[in-house]
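A.B. asks: First the structure, which I've put down as C-alpha cells, then a few questions once you've had a look.
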Amino acid sequence: MITRNDPCWCGSGQKWKKCHYPKMPVGASLAKQYLLDYGIVLKTPEQIDKIKAACQITAQILDRLCKAATKGVTTLELDELSRELHKKAGATPAPFGYGSPPYPKTICTSLNEVICHGIPDNRPLQEGDIVNIDASAIVDGFFGDCSRMVTIGEISEEKRRVVEVSLHSLNLAIQICKPGSEVWQIGKAIEDYARSQNCSVVNQFVGHGVGIAFHEPPEIPHHYNNVRIPLVPGMTFTIEPMINAGVREGNLDPKDGWTVRTKDHKPSAQWEHTILITETGHEILTLI
Ligand code: MF3
Ligand code: CO
C-alpha cells in the first residue's frame, strides 16, 4: 500500500503527500472546525439560496406590516394581517407556539418602554407611540428574521433618540461584518456609539445564528464582550440591538412570561437584520 511519504504514483518524483494525496477541501474542513469548536453551521450555497428566499419573504411581510401600522390600528390587527401575509406567501410564522410558555402570536409588537417580545393586543396605536414590529418566517424549512421601528405622529425627543441610535448602531455593526472580523467587534461598535449618544445597550438579549433553525449558535452580543469567534463565509446570523434611553436593565412580565419592559419605564428601540458573511464582506439578506 502506498503511504504519504512514498513517491507519487504519477511518476512526478515528488512524495505522494506533496503531489496527488487527496486534499480535504478547505471549505469542508473549516465547516467541520466551526461545528466542533462553536456549534456553528456554515451554510452551503444550496442552503444560502433557501435562506435568502426565506429572508426576502420575511422582509416583505415586515414591510407590509410596517405600512399598516398607523394611528388607531391595534397590534392584534397587525397580527391578523401577519397571519394572512404568511399564508399567502406559503410561509409559517416562527414565533407562533415558540418557547415556553408557547408564544401566542405570529409577530412581536414592542411599544415604547417594551424592550422586546411584546405580544399583540387590543391597544390601538396612538400619537406619540414608537413600536417595534419583529417578523420571523419559515419558508421551505429555512428561517428569516428582521424587525423595524414605526413612529406614530409626533414623538418625544427621547423616543426619537432611541429609534435613531438603534438604527445607526445596527448599521455600524453591519459594516464590521466581513471575514477576519470577530464577533466581539459587533458589540463594541454598538456600545461605543450608544454610549456616545447617552443611551444604554440591553445585555439580557442577543443576536443569534439563524437560517436552518430559528436560534442557532453563535450568540451575537450587542454589548461589550469577549467573544473571539472570527467571522467566516457561510455564517448567517442576526444583529438586533436593543437600545434604551435610560438604564439597560429590563423586567420580564410575570403574567405573560414574554413582554420585557425597561426597569425605569423609559423608551427602548430595536432594529434587526439577518446577515450573511461572504468571501468579500457581507450581504444583508433582509433588505428588500
Ligand atoms: N427576533 C426575535 C428573536 O430572535 C424574535 C422573537 S420571536 C419570539 O428573539 F417568539 F421568540 F418571541
Ligand atoms: Co432575532
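Naming scheme: A, B, ... for chains in displayed order of the C-alpha cells; residues 1 onward per chain; ligands 1 onward as shown.
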Counting only C-alpha atoms and all ligand atoms, name the residues that have an atom within 8 Å of an atom of ligand 2; the answer should be given as a PyMOL selection string.
C.D. replies: chain A and resi 134+136+145-146+207-208+210+214-215+238-240+272
A.B. asks: With C-alpha atoms retained, export the selected residues as a PDB file, in the first residue's frame.
C.D. replies:
ATOM      1  CA  ASP A 134     -40.495  41.775  14.595  1.00  0.00           C
ATOM      2  CA  SER A 136     -39.630  35.746  11.561  1.00  0.00           C
ATOM      3  CA  ASP A 145     -35.658  37.219  10.984  1.00  0.00           C
ATOM      4  CA  CYS A 146     -35.935  41.016  10.915  1.00  0.00           C
ATOM      5  CA  GLY A 207     -28.484  38.388  18.195  1.00  0.00           C
ATOM      6  CA  HIS A 208     -28.152  34.803  17.025  1.00  0.00           C
ATOM      7  CA  VAL A 210     -30.332  31.822  12.071  1.00  0.00           C
ATOM      8  CA  PHE A 214     -34.790  29.995  14.478  1.00  0.00           C
ATOM      9  CA  HIS A 215     -31.981  30.382  17.024  1.00  0.00           C
ATOM     10  CA  THR A 238     -28.983  38.355  13.158  1.00  0.00           C
ATOM     11  CA  ILE A 239     -27.885  41.644  14.651  1.00  0.00           C
ATOM     12  CA  GLU A 240     -30.735  43.204  16.623  1.00  0.00           C
ATOM     13  CA  GLU A 272     -32.876  43.799  13.183  1.00  0.00           C
TER      14      GLU A 272
END
A.B. asks: Enumerate the residues of segment 56-283 of chain A with a DSSP assignment of strand (DSSP E or B), computed from the backbone, and present them as a ChimeraX atom specification.
C.D. replies: /A:74,92-93,108-111,114-116,124,130-139,142-151,182,200-201,207-209,216-220,230,236-239,242-244,250-252,260-262,268-270,272-277,282-283
A.B. asks: Hey, which of A:Glu219, A:Glu182, A:Glu154, A:Glu191 ends up closest to ligand 1? Count only C-alpha atoms and all ligand atoms.
C.D. replies: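 Using only C-alpha atoms and all ligand atoms, the shortest distance to ligand 1 belongs to A:Glu219.
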A.B. asks: Interatomic distance between atom CA of Glu283 of chain A and atom CA of Glu164 of chain A?
C.D. replies: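 Calculated distance between atom CA of Glu283 of chain A and atom CA of Glu164 of chain A is 22.0 Å.
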A.B. asks: Ranking A:Thr274, A:Gln197, A:Ser169, A:Thr236 by minimum distance to His222 of chain A and counting only C-alpha atoms, which one comes first?
C.D. replies: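 Using only C-alpha atoms, His222 of chain A sits closest to A:Ser169.
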A.B. asks: Within 9 Å of Ser166 of chain A, counting only C-alpha atoms, which residues show up once you throw out same-chain ones fewer than 6 positions away? Write them as a list of chain:residue names, please.
C.D. replies: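 In the requested form, the answer reads A:Ile190, A:Ala194, A:Glu240, A:Pro241, A:Met242, A:Ile243, A:Asn244, A:Ser268, A:Ala269, A:Gln270, A:Trp271.
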A.B. asks: Filtering to N, CA and C atoms, could you give me those residues as a CSV table (one decimal), in the first residue's frame?
C.D. replies:
chain,number,residue,atom,x,y,z
A,190,ILE,N,-21.5,48.8,18.5
A,190,ILE,CA,-22.8,49.2,19.0
A,190,ILE,C,-22.7,50.0,20.3
A,194,ALA,N,-23.7,53.8,21.1
A,194,ALA,CA,-24.8,54.1,22.0
A,194,ALA,C,-24.4,55.0,23.2
A,240,GLU,N,-29.5,42.6,16.2
A,240,GLU,CA,-30.7,43.2,16.6
A,240,GLU,C,-30.6,44.0,17.9
A,241,PRO,N,-29.8,45.1,17.9
A,241,PRO,CA,-29.5,45.9,19.1
A,241,PRO,C,-30.8,46.5,19.7
A,242,MET,N,-31.0,46.3,21.0
A,242,MET,CA,-32.0,46.9,21.8
A,242,MET,C,-31.3,48.1,22.6
A,243,ILE,N,-31.8,49.3,22.3
A,243,ILE,CA,-31.1,50.5,22.8
A,243,ILE,C,-32.1,51.2,23.7
A,244,ASN,N,-31.7,51.6,24.9
A,244,ASN,CA,-32.6,52.2,25.9
A,244,ASN,C,-32.2,53.7,26.1
A,268,SER,N,-37.4,52.3,24.7
A,268,SER,CA,-36.4,51.3,24.1
A,268,SER,C,-36.7,51.1,22.7
A,269,ALA,N,-35.7,50.9,21.8
A,269,ALA,CA,-35.9,50.7,20.4
A,269,ALA,C,-35.0,49.6,19.9
A,270,GLN,N,-35.4,49.0,18.8
A,270,GLN,CA,-34.6,47.9,18.2
A,270,GLN,C,-34.9,47.8,16.7
A,271,TRP,N,-33.8,47.5,16.0
A,271,TRP,CA,-33.9,47.2,14.5
A,271,TRP,C,-33.1,45.9,14.3
A.B. asks: Tell me which of A:Gly246, A:Gly187, A:Gly257, A:Gly281 sits closest to Val162 of chain A, counting only C-alpha atoms.
C.D. replies: A:Gly246
A.B. asks: Which residue out of A:Lys266, A:Arg123, A:His117, A:Lys50 has the minimum interatomic distance to Leu76 of chain A when only C-alpha atoms are used?
C.D. replies: A:Arg123
A.B. asks: Let's see if you can do this: from backbone DSSP, list all helix (DSSP H, G or I) residues in segment 108-162 of chain A, as a list in words.
C.D. replies: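 Going through segment 108-162 of chain A, the helix (DSSP H, G or I) residues come out as Glu157, Glu158, Lys159, Arg160, Arg161 and Val162 of chain A.
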A.B. asks: Would you please work out which residue, of A:Arg161, A:Arg195, A:Arg261, A:Lys105, is nearest to Arg83 of chain A when using only C-alpha atoms?
C.D. replies: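 Residue with the minimum atom-to-atom distance to Arg83 of chain A: A:Lys105.
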A.B. asks: Skipping near chain neighbours, those fewer than 3 positions away, what residues fall within 12 Å of Cys66 of chain A using only C-alpha atoms, listed as a list in words?
C.D. replies: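 The residues that qualify are Ala59, Gln60, Ile61, Leu62, Asp63, Ala69, Thr70, Lys71, Val73, Thr75, Leu78, Asp79, Leu81, Ser82, Ile107, Thr109, Ile130, Val131, Asn132, Ile133, Asp134, Ala135, Cys146, Ser147, Arg148, Met149, Val150, Thr151 and Ile152 of chain A.
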A.B. asks: Quick one, how far is atom CA of Ile138 of chain A from atom CA of Pro104 of chain A?
C.D. replies: 16.6 Å
A.B. asks: Tell me which protein, DNA and RNA residues are within 9 Å of His265 of chain A, counting only C-alpha atoms, leaving out same-chain ones fewer than 6 positions away, and put them as a ChimeraX atom specification.
C.D. replies: /A:112-114,246,250
A.B. asks: Report, in Å with one decimal, the straight-line distance from atom CA of Glu157 of chain A to atom CA of Phe205 of chain A.
C.D. replies: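 Atom-to-atom, atom CA of Glu157 of chain A to atom CA of Phe205 of chain A, that is 25.3 Å.
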